[in-house]
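Peer 1: Here you go, this is upload30.txt (compact mmCIF, C-alpha atoms).
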# COMPACT_ATOMS: atom_id res chain seq x y z
CA MET A 186 15.59 9.70 -7.53
CA ALA A 187 16.81 8.64 -10.94
CA ALA A 188 14.96 5.65 -12.37
CA THR A 189 17.27 2.72 -12.98
CA LYS A 190 16.65 -0.79 -14.21
CA ASP A 191 16.73 -2.05 -10.65
CA ASN A 192 16.38 0.24 -7.65
CA GLY A 193 15.19 -2.78 -5.67
CA ARG A 194 12.39 -5.30 -5.19
CA ILE A 195 9.53 -3.95 -3.07
CA LEU A 196 6.74 -6.12 -1.67
CA ILE A 197 3.38 -4.31 -1.59
CA ALA A 198 0.62 -6.04 0.37
CA PRO A 199 -2.87 -4.56 0.87
CA LEU A 200 -5.50 -5.87 3.28
CA ASN A 201 -8.39 -7.71 1.63
CA TRP A 202 -11.28 -5.73 3.12
CA GLY A 203 -13.47 -4.57 0.26
CA LEU A 204 -11.52 -3.15 -2.67
CA GLY A 205 -10.38 0.15 -1.16
CA HIS A 206 -7.00 -0.94 0.21
CA ALA A 207 -6.05 -2.62 -3.07
CA ALA A 208 -7.34 0.30 -5.16
CA ARG A 209 -5.25 2.89 -3.32
CA CYS A 210 -2.17 0.69 -3.73
CA ILE A 211 -2.49 1.01 -7.52
CA PRO A 212 -0.89 4.50 -7.66
CA VAL A 213 1.84 3.25 -5.30
CA VAL A 214 2.66 0.34 -7.64
CA ARG A 215 2.70 2.71 -10.62
CA ALA A 216 5.04 5.09 -8.78
CA LEU A 217 7.38 2.25 -7.84
CA GLU A 218 7.64 1.22 -11.48
CA ALA A 219 8.15 4.81 -12.61
CA ASN A 220 11.05 5.13 -10.16
CA GLY A 221 12.78 1.98 -11.33
CA PHE A 222 11.66 -0.41 -8.59
CA GLU A 223 10.25 -3.89 -9.12
CA PRO A 224 6.94 -4.18 -7.25
CA ILE A 225 5.87 -7.63 -6.03
CA ILE A 226 2.21 -7.94 -5.06
CA ALA A 227 0.84 -10.04 -2.21
CA SER A 228 -2.67 -10.28 -0.79
CA ASP A 229 -5.71 -12.57 -0.89
CA GLY A 230 -9.28 -12.70 -2.17
CA ASP A 231 -10.78 -9.89 -4.24
CA ALA A 232 -7.93 -7.50 -3.39
CA LEU A 233 -5.43 -9.82 -5.06
CA LYS A 234 -7.78 -10.46 -7.99
CA LEU A 235 -8.12 -6.71 -8.62
CA LEU A 236 -4.36 -6.09 -8.57
CA LYS A 237 -3.72 -9.08 -10.85
CA LYS A 238 -6.10 -7.56 -13.40
CA GLU A 239 -4.46 -4.14 -13.09
CA PHE A 240 -0.91 -5.50 -13.29
CA PRO A 241 -1.02 -8.83 -15.17
CA ASN A 242 2.74 -8.81 -15.78
CA LEU A 243 3.79 -8.42 -12.16
CA GLU A 244 4.76 -11.20 -9.78
CA CYS A 245 1.90 -11.96 -7.37
CA HIS A 246 1.68 -14.12 -4.24
CA VAL A 247 -1.09 -15.25 -1.89
CA LEU A 248 -1.12 -14.33 1.81
CA PRO A 249 -3.33 -15.93 4.49
CA SER A 250 -6.86 -14.54 4.70
CA TYR A 251 -7.91 -12.62 7.81
CA GLY A 252 -11.43 -13.98 7.25
CA ILE A 253 -13.18 -10.65 7.87
CA THR A 254 -16.97 -10.79 7.50
CA TYR A 255 -19.87 -8.61 8.64
CA PRO A 256 -22.92 -9.48 10.73
CA LYS A 257 -26.03 -9.85 8.57
CA ASP A 258 -27.75 -6.87 10.18
CA GLY A 259 -24.60 -4.79 10.67
CA LYS A 260 -25.08 -4.72 14.43
CA ASP A 261 -22.50 -5.73 17.01
CA PHE A 262 -19.73 -5.60 14.42
CA LYS A 263 -17.23 -4.78 17.16
CA TRP A 264 -18.06 -7.96 19.06
CA LYS A 265 -17.94 -10.09 15.94
CA MET A 266 -14.47 -8.70 15.23
CA LEU A 267 -13.45 -9.68 18.76
CA ARG A 268 -14.69 -13.21 18.12
CA LEU A 269 -12.70 -13.28 14.88
CA MET A 270 -9.56 -11.99 16.58
CA PRO A 271 -7.98 -15.42 17.27
CA GLN A 272 -8.12 -16.43 13.60
CA MET A 273 -6.93 -12.96 12.52
CA ILE A 274 -3.95 -13.17 14.88
CA GLU A 275 -3.20 -16.65 13.55
CA ALA A 276 -3.24 -15.28 9.98
CA MET A 277 -0.94 -12.39 10.99
CA LEU A 278 1.56 -14.74 12.61
CA GLU A 279 1.49 -16.99 9.56
CA GLU A 280 2.04 -14.10 7.14
CA LYS A 281 4.93 -12.89 9.31
CA LYS A 282 6.62 -16.29 8.84
CA ILE A 283 5.93 -16.18 5.11
CA VAL A 284 7.33 -12.66 4.73
CA LYS A 285 10.46 -13.59 6.69
CA LYS A 286 11.02 -16.37 4.16
CA TRP A 287 10.27 -14.11 1.19
CA VAL A 288 12.75 -11.44 2.33
CA ARG A 289 15.47 -14.04 2.18
CA GLU A 290 14.40 -16.02 -0.89
CA MET A 291 13.15 -13.15 -3.08
CA GLY A 292 15.87 -10.71 -2.10
CA LEU A 293 13.37 -8.05 -1.06
CA ASP A 294 14.69 -4.52 -0.53
CA GLY A 295 11.60 -3.07 1.13
CA ILE A 296 7.99 -3.65 2.19
CA ILE A 297 4.84 -1.55 1.91
CA SER A 298 1.99 -3.03 3.94
CA ASP A 299 -1.46 -1.48 3.67
CA ASN A 300 -3.02 -2.44 7.01
CA ARG A 301 -1.50 -5.93 7.19
CA PRO A 302 0.33 -5.99 10.57
CA GLY A 303 2.18 -9.25 9.87
CA VAL A 304 3.79 -7.99 6.66
CA CYS A 305 6.86 -6.51 8.31
CA SER A 306 10.57 -7.27 8.61
CA LYS A 307 13.52 -6.11 10.70
CA LYS A 308 15.82 -6.95 7.80
CA VAL A 309 14.50 -4.37 5.32
CA PRO A 310 12.68 -1.00 5.59
CA SER A 311 9.01 -1.72 6.24
CA VAL A 312 6.21 0.80 5.68
CA PHE A 313 2.72 0.58 7.20
CA MET A 314 0.21 2.55 5.12
CA THR A 315 -3.01 3.53 6.87
CA HIS A 316 -5.40 6.45 7.30
CA GLN A 317 -6.32 5.21 10.77
CA LEU A 318 -3.97 6.33 13.50
CA ASN A 319 -7.15 6.22 15.55
CA VAL A 320 -9.33 3.11 15.04
CA LEU A 321 -12.93 3.89 15.97
CA SER A 322 -14.90 1.22 17.82
CA GLY A 323 -17.40 3.17 19.89
CA ASN A 324 -16.62 3.31 23.61
CA THR A 325 -13.55 1.11 23.11
CA SER A 326 -11.86 3.43 20.58
CA TRP A 327 -9.15 4.31 23.11
CA ILE A 328 -8.19 0.61 23.23
CA THR A 329 -8.34 -0.13 19.49
CA GLY A 330 -6.58 3.11 18.62
CA GLY A 331 -3.81 2.44 21.13
CA LEU A 332 -3.31 -1.12 19.88
CA HIS A 333 -3.14 0.07 16.29
CA ARG A 334 -0.50 2.69 17.11
CA ARG A 335 1.55 -0.03 18.84
CA ILE A 336 1.47 -1.97 15.56
CA ILE A 337 2.49 1.17 13.65
CA ALA A 338 5.48 1.70 15.96
CA LYS A 339 6.97 -1.65 14.84
CA PHE A 340 7.38 -0.40 11.27
CA THR A 341 10.17 1.78 9.91
CA GLN A 342 7.66 4.38 8.73
CA CYS A 343 3.90 4.89 8.66
CA TRP A 344 2.48 6.60 5.58
CA VAL A 345 -0.85 8.37 6.09
CA PRO A 346 -2.58 9.17 2.75
CA ASP A 347 -3.80 12.61 3.80
CA VAL A 348 -2.46 16.08 4.54
CA GLU A 349 -1.22 16.88 8.03
CA ILE A 350 -3.14 20.08 8.69
CA ALA A 351 -6.81 21.05 8.42
CA PRO A 352 -8.78 20.95 6.24
CA ASN A 353 -8.20 17.26 5.58
CA LEU A 354 -10.17 14.17 4.55
CA SER A 355 -9.57 11.72 7.39
CA GLY A 356 -10.30 13.98 10.36
CA LYS A 357 -9.71 12.31 13.73
CA LEU A 358 -9.03 8.97 12.03
CA GLY A 359 -5.70 10.13 10.65
CA HIS A 360 -4.87 12.83 13.17
CA VAL A 361 -4.15 12.29 16.87
CA GLU A 362 -2.73 14.57 19.53
CA LYS A 363 0.53 12.62 19.78
CA PRO A 364 1.13 10.68 16.54
CA PRO A 365 3.84 8.01 16.41
CA VAL A 366 7.23 9.50 15.57
CA ASN A 367 7.50 7.43 12.37
CA VAL A 368 4.37 8.95 10.76
CA ARG A 369 4.62 10.76 7.42
CA TYR A 370 1.65 12.42 5.74
CA ILE A 371 1.96 11.70 2.03
CA GLY A 372 -1.17 13.39 0.65
CA PRO A 373 -4.39 11.71 -0.59
CA LEU A 374 -3.91 8.80 -3.00
CA SER A 375 -6.07 7.96 -5.99
CA ARG A 376 -5.63 5.72 -9.00
CA PHE A 377 -7.61 8.27 -11.04
CA HIS A 378 -6.81 11.50 -12.90
CA PHE A 379 -9.16 14.43 -13.36
CA ALA A 380 -10.71 14.78 -16.82
CA GLU A 381 -13.58 16.89 -18.16
CA SER A 382 -16.26 14.64 -19.69
CA ALA A 383 -19.79 15.03 -20.98
CA ALA A 384 -22.48 13.39 -18.84
CA ARG A 385 -23.58 9.97 -20.08
CA TYR A 386 -25.35 8.60 -16.98
CA ASP A 387 -27.70 10.30 -14.54
CA LEU A 388 -26.59 8.00 -11.74
CA MET A 389 -23.63 5.73 -11.10
CA VAL A 390 -23.86 3.15 -8.31
CA MET A 391 -20.53 1.89 -6.93
CA LEU A 392 -20.56 -1.05 -4.53
CA SER A 393 -17.81 -2.99 -2.78
CA GLY A 394 -16.99 -4.24 0.68
CA PRO A 395 -17.24 -7.51 2.62
CA GLU A 396 -20.27 -9.76 2.44
CA PRO A 397 -23.07 -10.03 3.32
CA GLN A 398 -23.53 -6.24 3.48
CA ARG A 399 -22.50 -5.71 -0.14
CA SER A 400 -25.16 -8.12 -1.43
CA GLN A 401 -27.80 -6.81 0.97
CA PHE A 402 -27.30 -3.24 -0.18
CA GLU A 403 -27.29 -4.33 -3.83
CA ASN A 404 -30.66 -6.06 -3.39
CA ARG A 405 -32.08 -3.02 -1.64
CA LEU A 406 -30.89 -0.71 -4.42
CA ARG A 407 -32.33 -2.91 -7.15
CA ASN A 408 -35.74 -2.40 -5.55
CA GLU A 409 -35.22 1.32 -4.99
CA LEU A 410 -34.13 1.87 -8.61
CA LEU A 411 -37.51 0.63 -9.84
CA PHE A 412 -38.66 4.17 -8.97
CA TYR A 413 -35.79 5.92 -10.78
CA SER A 414 -36.35 7.00 -14.38
CA GLY A 415 -32.87 8.25 -15.29
CA SER A 416 -30.03 6.31 -16.90
CA VAL A 417 -28.07 4.22 -14.39
CA LEU A 418 -24.64 2.58 -14.43
CA PHE A 419 -24.48 -0.04 -11.67
CA VAL A 420 -21.01 -1.40 -10.78
CA ARG A 421 -21.57 -4.31 -8.40
CA GLY A 422 -17.99 -4.56 -7.13
CA VAL A 423 -17.73 -8.32 -7.67
CA VAL A 424 -14.33 -9.23 -9.12
CA GLU A 425 -14.71 -12.33 -11.30
CA PRO A 426 -12.50 -13.99 -13.94
CA GLU A 427 -14.41 -12.27 -16.73
CA GLN A 428 -16.05 -8.89 -16.92
CA LYS A 429 -19.81 -9.19 -17.38
CA GLN A 430 -22.34 -6.63 -18.60
CA GLU A 431 -26.11 -6.69 -18.55
CA GLN A 432 -28.76 -4.18 -19.58
CA LYS A 433 -32.06 -4.21 -17.71
CA GLY A 434 -34.33 -1.35 -18.71
CA ASN A 435 -32.61 1.90 -17.79
CA ILE A 436 -29.85 0.16 -15.78
CA HIS A 437 -26.52 -0.98 -17.22
CA PHE A 438 -24.89 -3.52 -14.87
CA TYR A 439 -21.17 -4.38 -14.61
CA ASN A 440 -19.79 -6.95 -12.20
CA TYR A 441 -16.58 -4.89 -11.96
CA MET A 442 -14.59 -2.29 -13.87
CA THR A 443 -10.88 -1.69 -14.46
CA SER A 444 -9.36 1.55 -13.21
CA GLY A 445 -9.57 3.18 -16.65
CA GLN A 446 -13.21 2.23 -17.08
CA MET A 447 -14.07 3.34 -13.55
CA GLN A 448 -12.43 6.72 -14.00
CA GLN A 449 -14.26 7.37 -17.26
CA ALA A 450 -17.59 6.22 -15.80
CA MET A 451 -17.26 8.45 -12.72
CA CYS A 452 -16.41 11.45 -14.88
CA GLU A 453 -19.42 10.72 -17.15
CA SER A 454 -21.94 10.44 -14.29
CA ARG A 455 -23.95 13.36 -12.94
CA THR A 456 -24.41 11.75 -9.51
CA ILE A 457 -22.63 8.90 -7.73
CA LEU A 458 -24.14 6.69 -5.03
CA CYS A 459 -21.51 4.85 -2.99
CA ARG A 460 -20.15 3.80 0.37
CA SER A 461 -18.22 6.29 2.47
CA GLY A 462 -14.96 4.35 2.59
CA TYR A 463 -11.84 6.49 2.80
CA THR A 464 -10.46 5.39 -0.57
CA THR A 465 -13.78 6.32 -2.20
CA LEU A 466 -13.59 9.79 -0.64
CA MET A 467 -10.05 10.23 -1.98
CA ASP A 468 -11.25 9.23 -5.47
CA LEU A 469 -14.22 11.62 -5.33
CA SER A 470 -11.91 14.42 -4.21
CA LYS A 471 -9.42 13.70 -6.99
CA LEU A 472 -12.12 13.77 -9.66
CA GLY A 473 -14.20 16.57 -8.13
CA ARG A 474 -17.38 14.47 -8.27
CA LYS A 475 -20.59 14.87 -6.30
CA ALA A 476 -21.98 11.86 -4.49
CA PHE A 477 -24.51 10.53 -2.00
CA LEU A 478 -22.91 8.42 0.73
CA VAL A 479 -24.37 5.36 2.45
CA PRO A 480 -21.96 3.95 5.06
CA THR A 481 -21.71 0.22 5.68
CA PRO A 482 -23.88 -0.54 8.74
CA GLY A 483 -21.83 -1.08 11.86
CA GLN A 484 -18.55 0.14 10.37
CA TYR A 485 -17.57 3.01 12.65
CA GLU A 486 -15.00 4.44 10.24
CA GLN A 487 -17.46 4.84 7.35
CA GLU A 488 -20.17 6.17 9.63
CA TYR A 489 -17.77 8.78 11.00
CA LEU A 490 -16.56 9.86 7.55
CA ALA A 491 -20.13 10.20 6.22
CA LYS A 492 -21.10 12.35 9.20
CA LYS A 493 -17.90 14.40 8.91
CA VAL A 494 -18.33 15.45 5.27
CA LYS A 495 -22.07 16.05 5.78
CA ARG A 496 -21.43 18.21 8.86
CA GLU A 497 -18.86 20.17 6.86
CA GLY A 498 -21.50 20.77 4.19
CA MET A 499 -19.76 18.84 1.40
CA LEU A 500 -21.74 15.65 0.68
CA PRO A 501 -25.13 14.27 1.82
CA SER A 502 -25.53 10.86 3.42
CA ALA A 503 -28.03 8.50 5.02
CA LYS A 504 -28.04 5.24 6.93
CA GLN A 505 -28.60 2.17 4.77
CA GLU A 506 -31.93 1.25 6.38
CA LYS A 507 -33.26 4.79 5.90
CA PHE A 508 -32.04 5.40 2.34
CA ARG A 509 -34.66 6.12 -0.33
CA ILE A 510 -33.92 6.87 -3.97
CA GLU A 511 -35.61 10.28 -3.80
CA MET A 512 -32.88 11.37 -1.35
CA LEU A 513 -30.53 11.69 -4.31
CA GLN A 514 -32.09 15.09 -4.97
CA GLU A 515 -30.14 16.36 -1.94
CA VAL A 516 -26.87 16.06 -3.88
CA GLU A 517 -27.60 19.32 -5.71
CA LEU A 518 -27.65 21.15 -2.38
CA TYR A 519 -24.02 20.27 -1.62
CA PRO A 520 -20.85 21.49 -3.41
CA GLY A 521 -18.98 18.18 -3.19
CA LEU A 522 -15.47 17.56 -1.86
CA PRO A 523 -12.77 20.06 -2.83
CA ARG A 524 -10.55 18.70 -5.58
CA THR A 525 -7.23 17.18 -4.52
CA ARG A 526 -4.40 19.11 -6.15
CA THR A 527 -1.40 18.04 -4.06
CA ALA A 528 1.15 15.62 -5.52
CA THR A 529 2.87 12.89 -3.52
CA ASP A 530 6.66 13.25 -3.29
CA TRP A 531 7.49 9.67 -4.23
CA GLU A 532 11.18 10.41 -4.71
CA SER A 533 11.52 11.44 -1.09
CA LEU A 534 9.39 8.56 0.20
CA PHE A 535 11.20 5.89 -1.80
CA GLY A 536 14.52 7.22 -0.52
CA LEU A 537 13.78 5.06 2.53
CA PHE A 538 14.51 1.94 0.49
CA GLU A 539 17.90 3.23 -0.58
CA ARG A 540 19.01 2.96 3.08
CA LYS A 541 18.16 -0.72 3.27
CA GLY A 542 21.77 -1.66 4.03
CA GLU A 543 21.54 0.02 7.43
CA LEU A 544 18.91 -2.48 8.57
CA ARG A 545 20.46 -5.70 7.31
CA THR A 546 22.36 -7.92 9.72
Please lay out the structure from this file as structure tokens.
Peer 2:
Amino acid sequence: MAATKDNGRILIAPLNWGLGHAARCIPVVRALEANGFEPIIASDGDALKLLKKEFPNLECHVLPSYGITYPKDGKDFKWKMLRLMPQMIEAMLEEKKIVKKWVREMGLDGIISDNRPGVCSKKVPSVFMTHQLNVLSGNTSWITGGLHRRIIAKFTQCWVPDVEIAPNLSGKLGHVEKPPVNVRYIGPLSRFHFAESAARYDLMVMLSGPEPQRSQFENRLRNELLFYSGSVLFVRGVVEPEQKQEQKGNIHFYNYMTSGQMQQAMCESRTILCRSGYTTLMDLSKLGRKAFLVPTPGQYEQEYLAKKVKREGMLPSAKQEKFRIEMLQEVELYPGLPRTRTATDWESLFGLFERKGELRT
């Protein structure tokens, strides 16, 4: 696809659930710009704050919050989500009304929604981006997975950021026996690029995710790191108006980092301690970095992914309540994730938006 001054205006809207959905939309926004499209960003909370910092010159809009929070102890997350469902459905219906208005008023030519079901239109090609064709929820996975695939079927296409065949990163999350007919596997996405760098830190801690689990894990790690003698870079994953730094003994704290800073820091760290979110795994694979994974308590997806890569002999992991700093020694026993070398065919994918006239009435 030849880049022109205006191939169209594309709304890109990630879910505000930690920073992973927003982070993996960064390479999509870059690709849209490189192919002559005009990206328009929409989200809420920290996801929107992150993308505003990455793309200060782009048009940004606020969508209703889904209000996703975690139980304090991480237990019964499934039932808390069920209790939150009425307000989440209300937010989805509201964003659907807003998007309908935006399509008309902004002259949108396409939509890319990262796990926001209400960001969809029958007037323009609408893409649902997700790595979860199968949504795990324990013994109710058959229900949640089926409901999610019904949502996917309402979109023009579904982009899964993984490869179609084994070996792959998402496992049974992104691969089902009978996937929806509109599914396209686009390869893993990462905002980072591989670079050889000399080690500067012995350990890098990367946190993000909904409260209160993010804060609880941060407090636990602060205590655990009292017994760690190496140099530590601690990125708290709190997106604030200004970047803040603080040095306490052997630990260098940041409230957040930009993509460029994060890439450099990951490449300069011997070991990384982080959650097992799917976007994090894609980033680790892209950079070829070793890590120790601690899934968010009660989040079935992260627990599955941590078990998957450990079972496959790639990365070690432990439950949050059982983690001890000395477990980091296990990282040397694992080879890490294989480096991602596949490139996404953006020209082919963005061809969808050139057929927008077929959907207009």
Peer 1: I'd like the interatomic distance between CA of Thr527 (chain A) and CA of Ser375 (chain A), to a tenth of an Å.
Peer 2: 11.3 Å
Peer 1: Nearest to Glu275 (chain A): which of A:Ser444, A:Asn353, A:Ser298, A:Ser250 is it, counting only C-alpha atoms?
Peer 2: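 Once distances to Glu275 (chain A) are computed over only C-alpha atoms, the minimum belongs to A:Ser250.
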Peer 1: For a test of reading the model, state the distance in Å between CA of Leu196 (chain A) and CA of Ile225 (chain A), rounded to one decimal.
Peer 2: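 Those two atoms sit 4.7 Å apart.
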Peer 1: Which residue out of A:Ser416, A:Thr325, A:Ser470, A:Asn408 has the minimum interatomic distance to Arg376 (chain A) when all atoms listed in the file are used?
Peer 2: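 Among the listed residues, A:Ser470 lies closest to Arg376 (chain A).
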Peer 1: Compile a residue-level contact table for region 357-394 of chain A against region 447-460 of chain A at a cut-off of 9 Å, reporting for every qualifying residue the shortest atom pair and its distance in Å to one decimal, with all atoms listed in the file counted, rows ordered by chain and ascending number, as CSV.
Peer 2:
residue,atom,partner,partner_atom,distance
A:Arg376,CA,A:Gln448,CA,8.5
A:Phe377,CA,A:Gln448,CA,5.9
A:His378,CA,A:Gln448,CA,7.5
A:Phe379,CA,A:Cys452,CA,8.0
A:Ala380,CA,A:Cys452,CA,6.9
A:Glu381,CA,A:Cys452,CA,7.0
A:Ser382,CA,A:Glu453,CA,5.6
A:Ala383,CA,A:Glu453,CA,5.8
A:Ala384,CA,A:Glu453,CA,4.4
A:Arg385,CA,A:Glu453,CA,5.1
A:Tyr386,CA,A:Ser454,CA,4.7
A:Asp387,CA,A:Arg455,CA,5.1
A:Leu388,CA,A:Thr456,CA,4.9
A:Met389,CA,A:Ile457,CA,4.7
A:Val390,CA,A:Leu458,CA,4.8
A:Met391,CA,A:Cys459,CA,5.0
A:Leu392,CA,A:Cys459,CA,6.2
A:Ser393,CA,A:Arg460,CA,7.8
A:Gly394,CA,A:Arg460,CA,8.6
Peer 1: Given all atoms listed in the file as the basis, pick out the residue of A:Ile197, A:Gly434, A:Ala216, A:Ala227 nearest to Leu411 (chain A).
Peer 2: A:Gly434
Peer 1: If you measure from CA of Gly230 (chain A) to CA of Gln487 (chain A), what distance in Å do you get, rounded to one decimal?
Peer 2: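 About the pair CA of Gly230 (chain A) and CA of Gln487 (chain A): they are 21.6 Å apart.
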Peer 1: For a quick check of understanding, using all atoms listed in the file, which of A:Ser355, A:Val284, A:His360, A:Asn319 has the smallest distance to Thr465 (chain A)?
Peer 2: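 Of A:Ser355, A:Val284, A:His360, A:Asn319, the one nearest Thr465 (chain A), counting all atoms listed in the file, is A:Ser355.
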Peer 1: Which residues, written as a PDB file with C-alpha atoms, in the frame of the given file, have at least one atom at most 12 Å from Gly292 (chain A), with all atoms listed in the file counted and residues fewer than 3 positions away on the same chain left out?
Peer 2:
ATOM      1  CA  GLY A 193      15.190  -2.780  -5.670  1.00  0.00           C
ATOM      2  CA  ARG A 194      12.390  -5.300  -5.190  1.00  0.00           C
ATOM      3  CA  ILE A 195       9.530  -3.950  -3.070  1.00  0.00           C
ATOM      4  CA  LEU A 196       6.740  -6.120  -1.670  1.00  0.00           C
ATOM      5  CA  GLU A 223      10.250  -3.890  -9.120  1.00  0.00           C
ATOM      6  CA  ILE A 225       5.870  -7.630  -6.030  1.00  0.00           C
ATOM      7  CA  VAL A 284       7.330 -12.660   4.730  1.00  0.00           C
ATOM      8  CA  LYS A 285      10.460 -13.590   6.690  1.00  0.00           C
ATOM      9  CA  LYS A 286      11.020 -16.370   4.160  1.00  0.00           C
ATOM     10  CA  TRP A 287      10.270 -14.110   1.190  1.00  0.00           C
ATOM     11  CA  VAL A 288      12.750 -11.440   2.330  1.00  0.00           C
ATOM     12  CA  ARG A 289      15.470 -14.040   2.180  1.00  0.00           C
ATOM     13  CA  GLY A 295      11.600  -3.070   1.130  1.00  0.00           C
ATOM     14  CA  ILE A 296       7.990  -3.650   2.190  1.00  0.00           C
ATOM     15  CA  LYS A 308      15.820  -6.950   7.800  1.00  0.00           C
ATOM     16  CA  VAL A 309      14.500  -4.370   5.320  1.00  0.00           C
ATOM     17  CA  LYS A 541      18.160  -0.720   3.270  1.00  0.00           C
ATOM     18  CA  ARG A 545      20.460  -5.700   7.310  1.00  0.00           C
TER      19      ARG A 545
END
Peer 1: Please determine, counting all atoms listed in the file, which residue among A:Asn300, A:Lys493, A:Lys429, A:Ala338 has the shortest atom-to-atom distance to Val366 (chain A).
Peer 2: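 Residue with the minimum atom-to-atom distance to Val366 (chain A): A:Ala338.
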Peer 1: Which residue out of A:Ile274, A:Leu406, A:Val424, A:Ile350 has the minimum interatomic distance to Ile436 (chain A) when only C-alpha atoms are used?
Peer 2: A:Leu406
Peer 1: Missing atoms in region 203-209 of chain A: fill them in up to all heavy atoms and send the result as a CSV table (one decimal), in the coordinates of the input.
Peer 2:
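Listing of selection.csv after writing:
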chain,number,residue,atom,x,y,z
A,203,GLY,N,-12.9,-5.3,1.4
A,203,GLY,CA,-13.5,-4.6,0.3
A,203,GLY,C,-12.4,-4.4,-0.8
A,203,GLY,O,-11.4,-5.2,-0.8
A,204,LEU,N,-12.5,-3.4,-1.6
A,204,LEU,CA,-11.5,-3.2,-2.7
A,204,LEU,C,-10.7,-1.9,-2.4
A,204,LEU,O,-9.8,-1.6,-3.2
A,204,LEU,CB,-12.2,-3.1,-4.0
A,204,LEU,CG,-13.0,-4.3,-4.5
A,204,LEU,CD1,-13.7,-4.0,-5.8
A,204,LEU,CD2,-12.0,-5.5,-4.6
A,205,GLY,N,-11.0,-1.1,-1.4
A,205,GLY,CA,-10.4,0.2,-1.2
A,205,GLY,C,-8.9,0.1,-0.9
A,205,GLY,O,-8.1,0.9,-1.5
A,206,HIS,N,-8.4,-0.9,-0.1
A,206,HIS,CA,-7.0,-0.9,0.2
A,206,HIS,C,-6.2,-1.3,-1.0
A,206,HIS,O,-5.2,-0.7,-1.3
A,206,HIS,CB,-6.8,-2.0,1.3
A,206,HIS,CG,-7.4,-1.6,2.6
A,206,HIS,ND1,-6.7,-0.7,3.5
A,206,HIS,CD2,-8.5,-1.9,3.2
A,206,HIS,CE1,-7.5,-0.6,4.6
A,206,HIS,NE2,-8.6,-1.3,4.4
A,207,ALA,N,-6.7,-2.2,-1.8
A,207,ALA,CA,-6.0,-2.6,-3.1
A,207,ALA,C,-6.1,-1.5,-4.1
A,207,ALA,O,-5.1,-1.2,-4.7
A,207,ALA,CB,-6.7,-3.9,-3.7
A,208,ALA,N,-7.2,-0.8,-4.2
A,208,ALA,CA,-7.3,0.3,-5.2
A,208,ALA,C,-6.4,1.4,-4.9
A,208,ALA,O,-5.8,2.0,-5.8
A,208,ALA,CB,-8.8,0.8,-5.2
A,209,ARG,N,-6.2,1.8,-3.6
A,209,ARG,CA,-5.2,2.9,-3.3
A,209,ARG,C,-3.8,2.5,-3.4
A,209,ARG,O,-2.9,3.3,-3.4
A,209,ARG,CB,-5.6,3.5,-2.0
A,209,ARG,CG,-5.2,2.7,-0.8
A,209,ARG,CD,-5.7,3.3,0.5
A,209,ARG,NE,-5.3,2.7,1.7
A,209,ARG,CZ,-5.8,2.9,2.9
A,209,ARG,NH1,-6.7,3.9,3.0
A,209,ARG,NH2,-5.4,2.3,4.0
